[in-house]
>>> print(open('upload_5.pdb').read())   # PDB, C-alpha atoms
ATOM      1  CA  MET A 153       7.357  -0.737  -3.288
ATOM      2  CA  SER A 154       7.127   1.757  -0.452
ATOM      3  CA  LEU A 155       3.695   2.545   0.959
ATOM      4  CA  ASN A 156       2.655   4.722   3.891
ATOM      5  CA  LEU A 157      -0.663   3.192   4.957
ATOM      6  CA  HIS A 158      -2.031   6.120   6.939
ATOM      7  CA  GLY A 159      -2.202   4.161  10.169
ATOM      8  CA  ALA A 160      -5.457   5.677  11.398
ATOM      9  CA  ASN A 161      -8.747   3.788  11.423
ATOM     10  CA  SER A 162     -11.412   6.472  11.053
ATOM     11  CA  ASP A 163     -14.849   6.848   9.490
ATOM     12  CA  GLY A 164     -14.041  10.223   7.941
ATOM     13  CA  GLN A 165     -10.922  11.940   6.654
ATOM     14  CA  SER A 166     -11.015  15.318   4.906
ATOM     15  CA  ILE A 167     -10.192  15.561   1.218
ATOM     16  CA  LYS A 168      -7.875  18.387   0.152
ATOM     17  CA  ASN A 169      -8.071  20.587  -2.943
ATOM     18  CA  LEU A 170     -11.725  19.979  -3.699
ATOM     19  CA  PRO A 171     -13.323  22.461  -6.114
ATOM     20  CA  SER A 172     -14.153  25.743  -4.443
ATOM     21  CA  GLY A 173     -17.194  25.629  -2.177
ATOM     22  CA  SER A 174     -17.367  21.850  -1.820
ATOM     23  CA  SER A 175     -16.252  19.482   0.905
ATOM     24  CA  ASP A 176     -16.133  15.746   1.389
ATOM     25  CA  THR A 177     -14.513  13.017   3.453
ATOM     26  CA  VAL A 178     -12.970   9.600   2.875
ATOM     27  CA  ASN A 179     -14.023   6.456   4.697
ATOM     28  CA  ALA A 180     -10.538   5.789   6.063
ATOM     29  CA  THR A 181     -11.249   2.686   8.097
ATOM     30  CA  ILE A 182      -8.879  -0.224   7.677
ATOM     31  CA  ALA A 183     -11.761  -2.479   6.650
ATOM     32  CA  ASN A 184     -12.731  -0.114   3.839
ATOM     33  CA  ARG A 185      -9.251   0.585   2.480
ATOM     34  CA  LEU A 186      -7.637  -2.847   2.823
ATOM     35  CA  PRO A 187      -9.260  -4.413  -0.296
ATOM     36  CA  GLY A 188      -7.911  -1.605  -2.487
ATOM     37  CA  ILE A 189      -4.444  -1.856  -0.982
ATOM     38  CA  ALA A 190      -4.380  -5.623  -1.512
ATOM     39  CA  ALA A 191      -5.651  -5.160  -5.092
ATOM     40  CA  MET A 192      -2.830  -2.693  -5.780
ATOM     41  CA  ILE A 193      -0.147  -5.027  -4.410
ATOM     42  CA  ARG A 194      -1.451  -7.887  -6.504
ATOM     43  CA  GLY A 195      -2.319  -5.815  -9.557
ATOM     44  CA  GLU A 196       1.152  -4.281  -9.706
ATOM     45  CA  LYS A 197       2.717  -7.731  -9.122
ATOM     46  CA  ILE A 198       4.700  -6.507  -6.120
ATOM     47  CA  ASP A 199       7.176  -9.071  -4.738
ATOM     48  CA  VAL A 200       8.803  -7.169  -1.851
ATOM     49  CA  PHE A 201       7.502  -4.033  -0.166
ATOM     50  CA  GLY A 202       7.779  -1.936   2.947
ATOM     51  CA  VAL A 203       4.863  -0.266   4.717
ATOM     52  CA  GLN A 204       4.913   2.589   7.177
ATOM     53  CA  GLU A 205       2.304   3.324   9.846
ATOM     54  CA  ALA A 206       1.326  -0.360  10.075
ATOM     55  CA  ARG A 207      -0.162   0.312  13.466
ATOM     56  CA  GLU A 208      -1.550  -1.996  16.092
ATOM     57  CA  LEU A 209      -4.299   0.275  17.321
ATOM     58  CA  THR A 210      -5.404  -0.427  20.873
ATOM     59  CA  GLY A 211      -9.050  -1.382  21.011
ATOM     60  CA  THR A 212      -9.600  -1.000  17.260
ATOM     61  CA  ALA A 213      -8.678  -2.688  14.007
ATOM     62  CA  ASN A 214      -5.067  -3.763  13.608
ATOM     63  CA  TRP A 215      -3.136  -2.985  10.411
ATOM     64  CA  ILE A 216      -0.509  -5.658  10.952
ATOM     65  CA  THR A 217      -3.063  -8.387  11.607
ATOM     66  CA  ALA A 218      -5.190  -7.211   8.662
ATOM     67  CA  LEU A 219      -2.244  -7.305   6.237
ATOM     68  CA  ASP A 220      -0.997 -10.656   7.522
ATOM     69  CA  GLU A 221      -4.425 -12.221   7.035
ATOM     70  CA  GLU A 222      -5.193 -10.606   3.671
ATOM     71  CA  LEU A 223      -1.793 -11.159   2.044
ATOM     72  CA  ASP A 224      -1.313 -14.840   2.783
ATOM     73  CA  GLU A 225       1.082 -15.238  -0.146
ATOM     74  CA  PHE A 226       3.570 -13.007   1.717
ATOM     75  CA  SER A 227       5.646 -13.404   4.859
ATOM     76  CA  ARG A 228       6.503 -10.477   7.125
ATOM     77  CA  ALA A 229       9.697  -9.279   8.765
ATOM     78  CA  GLY A 230       9.872  -6.355  11.161
ATOM     79  CA  GLU A 231       8.517  -5.652  14.605
ATOM     80  CA  ALA A 232       5.868  -3.227  15.775
ATOM     81  CA  LYS A 233       7.215  -0.702  18.222
ATOM     82  CA  ILE A 234       5.237   0.456  21.225
ATOM     83  CA  THR A 235       5.373   4.200  21.794
ATOM     84  CA  THR A 236       4.758   6.314  24.851
ATOM     85  CA  LEU A 237       1.305   7.071  23.432
ATOM     86  CA  ASN A 238       0.354   3.388  23.632
ATOM     87  CA  THR A 239       0.111   3.096  19.901
ATOM     88  CA  SER A 240       2.503   1.353  17.577
ATOM     89  CA  GLU A 241       4.037   1.681  14.158
ATOM     90  CA  GLY A 242       5.552  -1.271  12.403
ATOM     91  CA  ASN A 243       7.836  -0.473   9.483
ATOM     92  CA  CYS A 244       7.166  -3.971   8.276
ATOM     93  CA  ILE A 245       8.685  -5.733   5.272
ATOM     94  CA  TYR A 246       6.594  -8.162   3.242
ATOM     95  CA  TYR A 247       8.086 -10.617   0.750
ATOM     96  CA  ARG A 248       6.433 -13.089  -1.613
ATOM     97  CA  THR A 249       7.209 -16.559  -0.300
ATOM     98  CA  SER A 250       7.074 -18.235  -3.718
ATOM     99  CA  LYS A 251      10.053 -16.130  -4.821
ATOM    100  CA  TYR A 252      12.003 -15.083  -1.714
ATOM    101  CA  ARG A 253      13.024 -16.345   1.696
ATOM    102  CA  LEU A 254      15.148 -15.094   4.566
ATOM    103  CA  VAL A 255      18.820 -16.031   4.277
ATOM    104  CA  ASP A 256      18.450 -17.396   7.817
ATOM    105  CA  GLU A 257      15.515 -17.346  10.223
ATOM    106  CA  ASN A 258      17.422 -14.741  12.241
ATOM    107  CA  ALA A 259      18.437 -12.634   9.243
ATOM    108  CA  CYS A 260      16.063  -9.784  10.015
ATOM    109  CA  GLY A 261      15.670  -7.163  12.708
ATOM    110  CA  THR A 262      14.656  -3.679  13.773
ATOM    111  CA  PHE A 263      16.859  -0.937  15.226
ATOM    112  CA  TRP A 264      16.280   2.475  16.774
ATOM    113  CA  LEU A 265      17.245   5.565  14.797
ATOM    114  CA  VAL A 266      19.420   6.909  17.595
ATOM    115  CA  GLU A 267      23.203   6.666  17.721
ATOM    116  CA  GLY A 268      24.228   4.419  20.609
ATOM    117  CA  ALA A 269      20.762   2.933  21.214
ATOM    118  CA  PRO A 270      20.342  -0.853  21.471
ATOM    119  CA  THR A 271      20.435  -2.590  18.108
ATOM    120  CA  SER A 272      17.161  -4.406  18.763
ATOM    121  CA  VAL A 273      13.725  -3.053  19.558
ATOM    122  CA  THR A 274      11.698  -4.393  22.462
ATOM    123  CA  THR A 275       8.259  -3.465  23.737
ATOM    124  CA  ASN A 276       8.066  -0.262  25.780
ATOM    125  CA  ASP A 277      11.605   0.876  25.006
ATOM    126  CA  ASN A 278      11.749   4.419  23.696
ATOM    127  CA  TYR A 279      14.774   6.047  22.099
ATOM    128  CA  LYS A 280      14.701   9.224  20.074
ATOM    129  CA  VAL A 281      16.959  12.012  18.869
ATOM    130  CA  ASP A 282      16.735  15.290  20.792
ATOM    131  CA  GLY A 283      13.937  17.352  19.315
ATOM    132  CA  CYS A 284      12.347  14.333  17.681
ATOM    133  CA  ALA A 285       8.541  14.243  17.749
ATOM    134  CA  ASN A 286       8.381  10.440  17.963
ATOM    135  CA  ASP A 287      10.758   7.559  18.511
ATOM    136  CA  ARG A 288      11.600   6.027  15.144
ATOM    137  CA  ILE A 289      12.859   2.684  13.858
ATOM    138  CA  CYS A 290      14.208   0.932  10.777
ATOM    139  CA  SER A 291      13.488  -2.707   9.919
ATOM    140  CA  TRP A 292      15.676  -4.889   7.726
ATOM    141  CA  ALA A 293      15.730  -8.352   6.158
ATOM    142  CA  LEU A 294      18.397 -10.264   4.269
ATOM    143  CA  LEU A 295      16.489 -11.994   1.499
ATOM    144  CA  GLU A 296      17.463 -14.715  -0.938
ATOM    145  CA  CYS A 297      15.936 -15.232  -4.369
ATOM    146  CA  ILE A 298      14.805 -18.874  -4.372
ATOM    147  CA  ALA A 299      15.329 -19.304  -8.112
ATOM    148  CA  THR A 300      18.845 -17.843  -8.358
ATOM    149  CA  GLY A 301      20.320 -17.841  -4.856
ATOM    150  CA  GLU A 302      21.072 -14.120  -5.151
ATOM    151  CA  CYS A 303      20.863 -12.255  -1.826
ATOM    152  CA  PHE A 304      20.047  -8.640  -1.003
ATOM    153  CA  LEU A 305      19.445  -6.434   2.007
ATOM    154  CA  PHE A 306      16.011  -4.787   2.140
ATOM    155  CA  MET A 307      15.405  -1.978   4.650
ATOM    156  CA  ASN A 308      12.318   0.044   5.509
ATOM    157  CA  THR A 309      11.927   3.153   7.664
ATOM    158  CA  HIS A 310       9.801   6.175   8.540
ATOM    159  CA  LEU A 311      11.762   9.270   9.541
ATOM    160  CA  ASP A 312      10.426  11.945  11.863
ATOM    161  CA  THR A 313       8.473  15.121  11.133
ATOM    162  CA  ALA A 314      10.576  17.461  13.303
ATOM    163  CA  GLY A 315      12.751  18.823  10.487
ATOM    164  CA  ASP A 316      16.005  18.254   8.653
ATOM    165  CA  ALA A 317      18.320  18.453  11.678
ATOM    166  CA  VAL A 318      16.511  15.520  13.275
ATOM    167  CA  THR A 319      15.954  13.401  10.179
ATOM    168  CA  ASN A 320      19.555  13.862   9.073
ATOM    169  CA  GLN A 321      20.735  12.291  12.335
ATOM    170  CA  GLN A 322      18.338   9.403  11.759
ATOM    171  CA  ALA A 323      19.559   8.998   8.177
ATOM    172  CA  THR A 324      23.151   8.861   9.430
ATOM    173  CA  VAL A 325      22.266   5.973  11.746
ATOM    174  CA  ILE A 326      20.751   4.067   8.827
ATOM    175  CA  VAL A 327      23.660   4.463   6.414
ATOM    176  CA  ASN A 328      26.118   3.462   9.162
ATOM    177  CA  GLU A 329      24.034   0.423  10.031
ATOM    178  CA  ILE A 330      24.156  -0.914   6.476
ATOM    179  CA  ALA A 331      27.834  -1.827   6.755
ATOM    180  CA  ASP A 332      27.332  -3.332  10.216
ATOM    181  CA  ILE A 333      24.517  -5.613   9.039
ATOM    182  CA  LEU A 334      26.420  -6.792   5.972
ATOM    183  CA  SER A 335      29.521  -7.438   8.058
ATOM    184  CA  ALA A 336      27.600  -9.340  10.744
ATOM    185  CA  TRP A 337      26.233 -11.700   8.096
ATOM    186  CA  ASN A 338      29.516 -12.020   6.180
ATOM    187  CA  MET A 339      28.087 -10.227   3.174
ATOM    188  CA  THR A 340      30.440  -8.204   1.029
ATOM    189  CA  SER A 341      29.910  -4.624  -0.069
ATOM    190  CA  ASP A 342      28.727  -6.086  -3.398
ATOM    191  CA  CYS A 343      25.528  -7.301  -1.735
ATOM    192  CA  PRO A 344      22.693  -5.192  -3.182
ATOM    193  CA  VAL A 345      20.934  -2.885  -0.723
ATOM    194  CA  ILE A 346      17.432  -1.457  -1.108
ATOM    195  CA  LEU A 347      16.119   1.131   1.344
ATOM    196  CA  VAL A 348      12.498   2.250   1.141
ATOM    197  CA  GLY A 349      10.433   4.546   3.305
ATOM    198  CA  ASP A 350       8.691   7.763   4.109
ATOM    199  CA  MET A 351      11.653  10.035   4.793
ATOM    200  CA  ASN A 352       9.629  13.208   5.472
ATOM    201  CA  SER A 353      12.407  14.976   3.562
ATOM    202  CA  GLU A 354      12.558  16.467   0.108
ATOM    203  CA  SER A 355      15.503  16.068  -2.259
ATOM    204  CA  THR A 356      16.958  19.469  -1.302
ATOM    205  CA  THR A 357      17.579  18.467   2.334
ATOM    206  CA  ASN A 358      20.705  17.318   4.141
ATOM    207  CA  THR A 359      18.803  14.146   5.019
ATOM    208  CA  TYR A 360      18.456  13.266   1.348
ATOM    209  CA  LYS A 361      22.132  14.093   0.763
ATOM    210  CA  THR A 362      23.152  11.779   3.612
ATOM    211  CA  LEU A 363      21.041   8.918   2.305
ATOM    212  CA  THR A 364      22.282   9.373  -1.246
ATOM    213  CA  SER A 365      25.912   9.527  -0.121
ATOM    214  CA  GLN A 366      25.761   5.715  -0.117
ATOM    215  CA  LEU A 367      22.618   4.945  -2.074
ATOM    216  CA  THR A 368      21.033   6.201  -5.288
ATOM    217  CA  ASP A 369      17.508   7.505  -5.691
ATOM    218  CA  SER A 370      15.843   5.022  -8.057
ATOM    219  CA  CYS A 371      13.482   7.704  -9.386
ATOM    220  CA  VAL A 372      16.410   9.875 -10.449
ATOM    221  CA  LYS A 373      18.467   6.939 -11.660
ATOM    222  CA  VAL A 374      15.998   6.156 -14.456
ATOM    223  CA  ASN A 375      15.055   9.808 -15.129
ATOM    224  CA  SER A 376      11.464   9.186 -14.081
ATOM    225  CA  PRO A 377       8.911  11.908 -14.854
ATOM    226  CA  TYR A 378       7.716  11.531 -11.254
ATOM    227  CA  GLU A 379      10.846  13.163  -9.830
ATOM    228  CA  ASN A 380       8.992  16.374  -8.976
ATOM    229  CA  TYR A 381       5.655  14.842  -8.014
ATOM    230  CA  ASN A 382       4.166  15.064  -4.551
ATOM    231  CA  THR A 383       3.912  11.674  -2.825
ATOM    232  CA  GLY A 384       2.198  12.675   0.426
ATOM    233  CA  TYR A 385       0.585  13.378   2.670
ATOM    234  CA  GLY A 386      -3.196  13.882   2.608
ATOM    235  CA  TYR A 387      -6.161  12.677   0.610
ATOM    236  CA  ASN A 388      -6.182  14.909  -2.463
ATOM    237  CA  TYR A 389      -8.795  15.579  -5.117
ATOM    238  CA  VAL A 390      -7.436  15.650  -8.677
ATOM    239  CA  ASP A 391      -9.372  17.097 -11.601
ATOM    240  CA  PRO A 392      -9.818  14.167 -14.022
ATOM    241  CA  ASN A 393      -9.354  16.606 -16.910
ATOM    242  CA  ASN A 394      -5.973  17.687 -15.541
ATOM    243  CA  PRO A 395      -4.521  14.578 -13.924
ATOM    244  CA  SER A 396      -1.054  15.945 -13.130
ATOM    245  CA  TYR A 397      -0.930  15.542  -9.364
ATOM    246  CA  ARG A 398       0.716  18.439  -7.539
ATOM    247  CA  ILE A 399       4.005  18.713  -9.354
ATOM    248  CA  ASP A 400       5.426  20.746  -6.509
ATOM    249  CA  GLY A 401       8.598  18.897  -5.535
ATOM    250  CA  HIS A 402       7.134  17.529  -2.309
ATOM    251  CA  ARG A 403       8.447  14.016  -2.873
ATOM    252  CA  ILE A 404       9.153  12.406   0.500
ATOM    253  CA  ASP A 405       8.701   8.665  -0.190
ATOM    254  CA  TYR A 406      11.704   6.941  -1.710
ATOM    255  CA  ILE A 407      13.248   3.748  -3.010
ATOM    256  CA  LEU A 408      17.024   4.024  -2.692
ATOM    257  CA  VAL A 409      19.460   1.427  -4.002
ATOM    258  CA  SER A 410      23.152   0.586  -3.860
ATOM    259  CA  ASP A 411      25.296   0.337  -6.985
ATOM    260  CA  ALA A 412      24.904  -3.451  -6.989
ATOM    261  CA  ALA A 413      21.173  -3.146  -7.719
ATOM    262  CA  THR A 414      19.990  -2.254 -11.220
ATOM    263  CA  VAL A 415      16.871  -0.107 -11.491
ATOM    264  CA  ILE A 416      14.860  -1.023 -14.585
ATOM    265  CA  ALA A 417      11.755   1.105 -14.078
ATOM    266  CA  TYR A 418      10.083   3.413 -11.564
ATOM    267  CA  ASP A 419       6.411   4.247 -11.145
ATOM    268  CA  MET A 420       4.033   6.096  -8.825
ATOM    269  CA  ILE A 421       0.456   4.990  -8.087
ATOM    270  CA  HIS A 422      -2.164   7.622  -7.228
ATOM    271  CA  ALA A 423      -3.111   5.838  -4.016
ATOM    272  CA  ALA A 424      -3.922   9.143  -2.280
ATOM    273  CA  THR A 425      -6.224  10.593  -4.948
ATOM    274  CA  ASN A 426      -9.587   9.979  -6.553
ATOM    275  CA  LEU A 427      -7.654   8.815  -9.636
ATOM    276  CA  CYS A 428      -6.457   5.689  -7.825
ATOM    277  CA  PRO A 429      -6.922   2.732 -10.187
ATOM    278  CA  TYR A 430      -7.448   0.439  -7.193
ATOM    279  CA  LYS A 431     -10.603   1.528  -5.409
ATOM    280  CA  ALA A 432     -11.355   1.317  -1.732
ATOM    281  CA  GLY A 433     -14.232  -0.865  -0.590
ATOM    282  CA  ASN A 434     -16.880   1.803  -1.198
ATOM    283  CA  GLY A 435     -15.461   2.603  -4.622
ATOM    284  CA  ASP A 436     -14.182   6.137  -4.042
ATOM    285  CA  GLY A 437     -10.457   5.478  -4.453
ATOM    286  CA  TYR A 438      -8.266   7.052  -1.743
ATOM    287  CA  ILE A 439      -6.798   3.832  -0.378
ATOM    288  CA  THR A 440      -4.194   5.731   1.668
ATOM    289  CA  ASP A 441      -2.866   9.259   2.121
ATOM    290  CA  HIS A 442       0.494   8.809   0.367
ATOM    291  CA  ASN A 443       1.059   7.825  -3.226
ATOM    292  CA  ALA A 444       2.781   4.481  -3.561
ATOM    293  CA  VAL A 445       6.214   4.398  -5.221
ATOM    294  CA  ILE A 446       7.332   1.291  -7.095
ATOM    295  CA  ALA A 447      10.624   0.258  -8.660
ATOM    296  CA  GLN A 448      11.494  -2.725 -10.784
ATOM    297  CA  ILE A 449      14.972  -3.754  -9.656
ATOM    298  CA  ALA A 450      17.300  -6.469 -10.928
ATOM    299  CA  ILE A 451      19.399  -8.322  -8.359
ATOM    300  CA  GLY A 452      22.377 -10.063  -9.892
ATOM    301  CA  ASP A 453      21.143 -12.038 -12.903
ATOM    302  CA  GLY A 454      17.506 -11.993 -11.781
ATOM    303  CA  GLU A 455      14.822  -9.585 -10.616
TER     304      GLU A 455
END
>>> encode(input="upload_5.pdb", output="structure tokens")
Amino acid sequence: MSLNLHGANSDGQSIKNLPSGSSDTVNATIANRLPGIAAMIRGEKIDVFGVQEARELTGTANWITALDEELDEFSRAGEAKITTLNTSEGNCIYYRTSKYRLVDENACGTFWLVEGAPTSVTTNDNYKVDGCANDRICSWALLECIATGECFLFMNTHLDTAGDAVTNQQATVIVNEIADILSAWNMTSDCPVILVGDMNSESTTNTYKTLTSQLTDSCVKVNSPYENYNTGYGYNYVDPNNPSYRIDGHRIDYILVSDAATVIAYDMIHAATNLCPYKAGNGDGYITDHNAVIAQIAIGDGE
């Protein structure tokens, strides 16, 4: 699963596309939305997932701490990065400890999405592509299935909002890094790779073409009906009598896989609409401002 959490912690967040003449807001505090997010992860039986905007918010609630405490059946890989604005965004990876473990305690990391930058992220470093609105990172973990011994590389990222020229450079760093990670850990090219994230790029962009030069879009691979659905961003009202959610091609959240991974099924959860089946604490849905995307993927002889 890939899930942008909407890293803010606010009492009110405007709802888009309400019927003419009406207005409303979402209680977007972490405390209110966390129960619905946890219910979705458990209800959908998610085993490995990546989150974006898992922010450590100075002086307020902390997404990373909240997730770590709530999801005690999972372990986390991936660091939070400190930005020049004194906020942070962890592109963290969570994996169910009853089913998966790191290949080695050091088999995980986080790198900057800038060619030539250090391959590890440390507090108060800042590296970004020219024209980039924010410094960006990608986290990775080499995971082993406890039952079968099969290994795979799981990666999670959040590309910038400054446009295709910037995000394409960031995508190039990621696809180049895949081979370097596999080589460093003596994994062959047959090792399955899964990349998830908010790419801030639609399927018509050069960024998407760069990513899919090495990986395959799991949504497309199984001919999912969600190929043209909007995944984010914004809290959106959906008419219950017409539940199709903005079929406008604005799909920016992805699960991409290498040829060694077999996609069995793909789904989208209305996490950003009033149709969300997993309600926030006050019961109004809207557990985050992106729809969650989920893929069932077989690794080797297992799942």
>>> axis_aligned_box(input="upload_5.pdb", around="segment 172-189 of chain A", padding_each_side="8 Å", output="JSON")
{"center_x": -10.9, "center_y": 10.7, "center_z": 1.8, "size_x": 28.9, "size_y": 46.2, "size_z": 28.5}
>>> resolve_selection(input="upload_5.pdb", expression="the PyMOL selection byres ((chain A and resi 262) around 7)", output="list in words")
Gly230, Glu231, Gly261, Phe263, Ser272, Val273, Ile289, Cys290, Ser291 and Trp292 of chain A
>>> atom_distance(input="upload_5.pdb", atom1="atom CA of Leu157 of chain A", atom2="atom CA of Thr440 of chain A")
5.5 Å
>>> resolve_selection(input="upload_5.pdb", expression="the PyMOL selection byres ((chain A and resi 177-186) around 9)", output="compact mmCIF listing (two decimals) with C-alpha atoms, keeping the file's coordinate frame")
# COMPACT_ATOMS: atom_id res chain seq x y z
CA HIS A 158 -2.03 6.12 6.94
CA GLY A 159 -2.20 4.16 10.17
CA ALA A 160 -5.46 5.68 11.40
CA ASN A 161 -8.75 3.79 11.42
CA SER A 162 -11.41 6.47 11.05
CA ASP A 163 -14.85 6.85 9.49
CA GLY A 164 -14.04 10.22 7.94
CA GLN A 165 -10.92 11.94 6.65
CA SER A 166 -11.02 15.32 4.91
CA ILE A 167 -10.19 15.56 1.22
CA SER A 175 -16.25 19.48 0.90
CA ASP A 176 -16.13 15.75 1.39
CA PRO A 187 -9.26 -4.41 -0.30
CA GLY A 188 -7.91 -1.60 -2.49
CA ILE A 189 -4.44 -1.86 -0.98
CA ALA A 190 -4.38 -5.62 -1.51
CA ALA A 191 -5.65 -5.16 -5.09
CA ALA A 213 -8.68 -2.69 14.01
CA ASN A 214 -5.07 -3.76 13.61
CA TRP A 215 -3.14 -2.98 10.41
CA ALA A 218 -5.19 -7.21 8.66
CA LEU A 219 -2.24 -7.30 6.24
CA GLU A 222 -5.19 -10.61 3.67
CA TYR A 387 -6.16 12.68 0.61
CA LYS A 431 -10.60 1.53 -5.41
CA ALA A 432 -11.36 1.32 -1.73
CA GLY A 433 -14.23 -0.86 -0.59
CA ASN A 434 -16.88 1.80 -1.20
CA ASP A 436 -14.18 6.14 -4.04
CA GLY A 437 -10.46 5.48 -4.45
CA TYR A 438 -8.27 7.05 -1.74
CA ILE A 439 -6.80 3.83 -0.38
CA THR A 440 -4.19 5.73 1.67
>>> atom_distance(input="upload_5.pdb", atom1="atom CA of Tyr246 of chain A", atom2="atom CA of Thr217 of chain A")
12.8 Å
>>> residues_around(input="upload_5.pdb", residues="segment 343-352 of chain A", least_positions_apart="2", cutoff="7 Å", atoms="only C-alpha atoms", output="PyMOL selection string")
chain A and resi 154+156+202+303-313+339-341+354+404-410+412-413+451
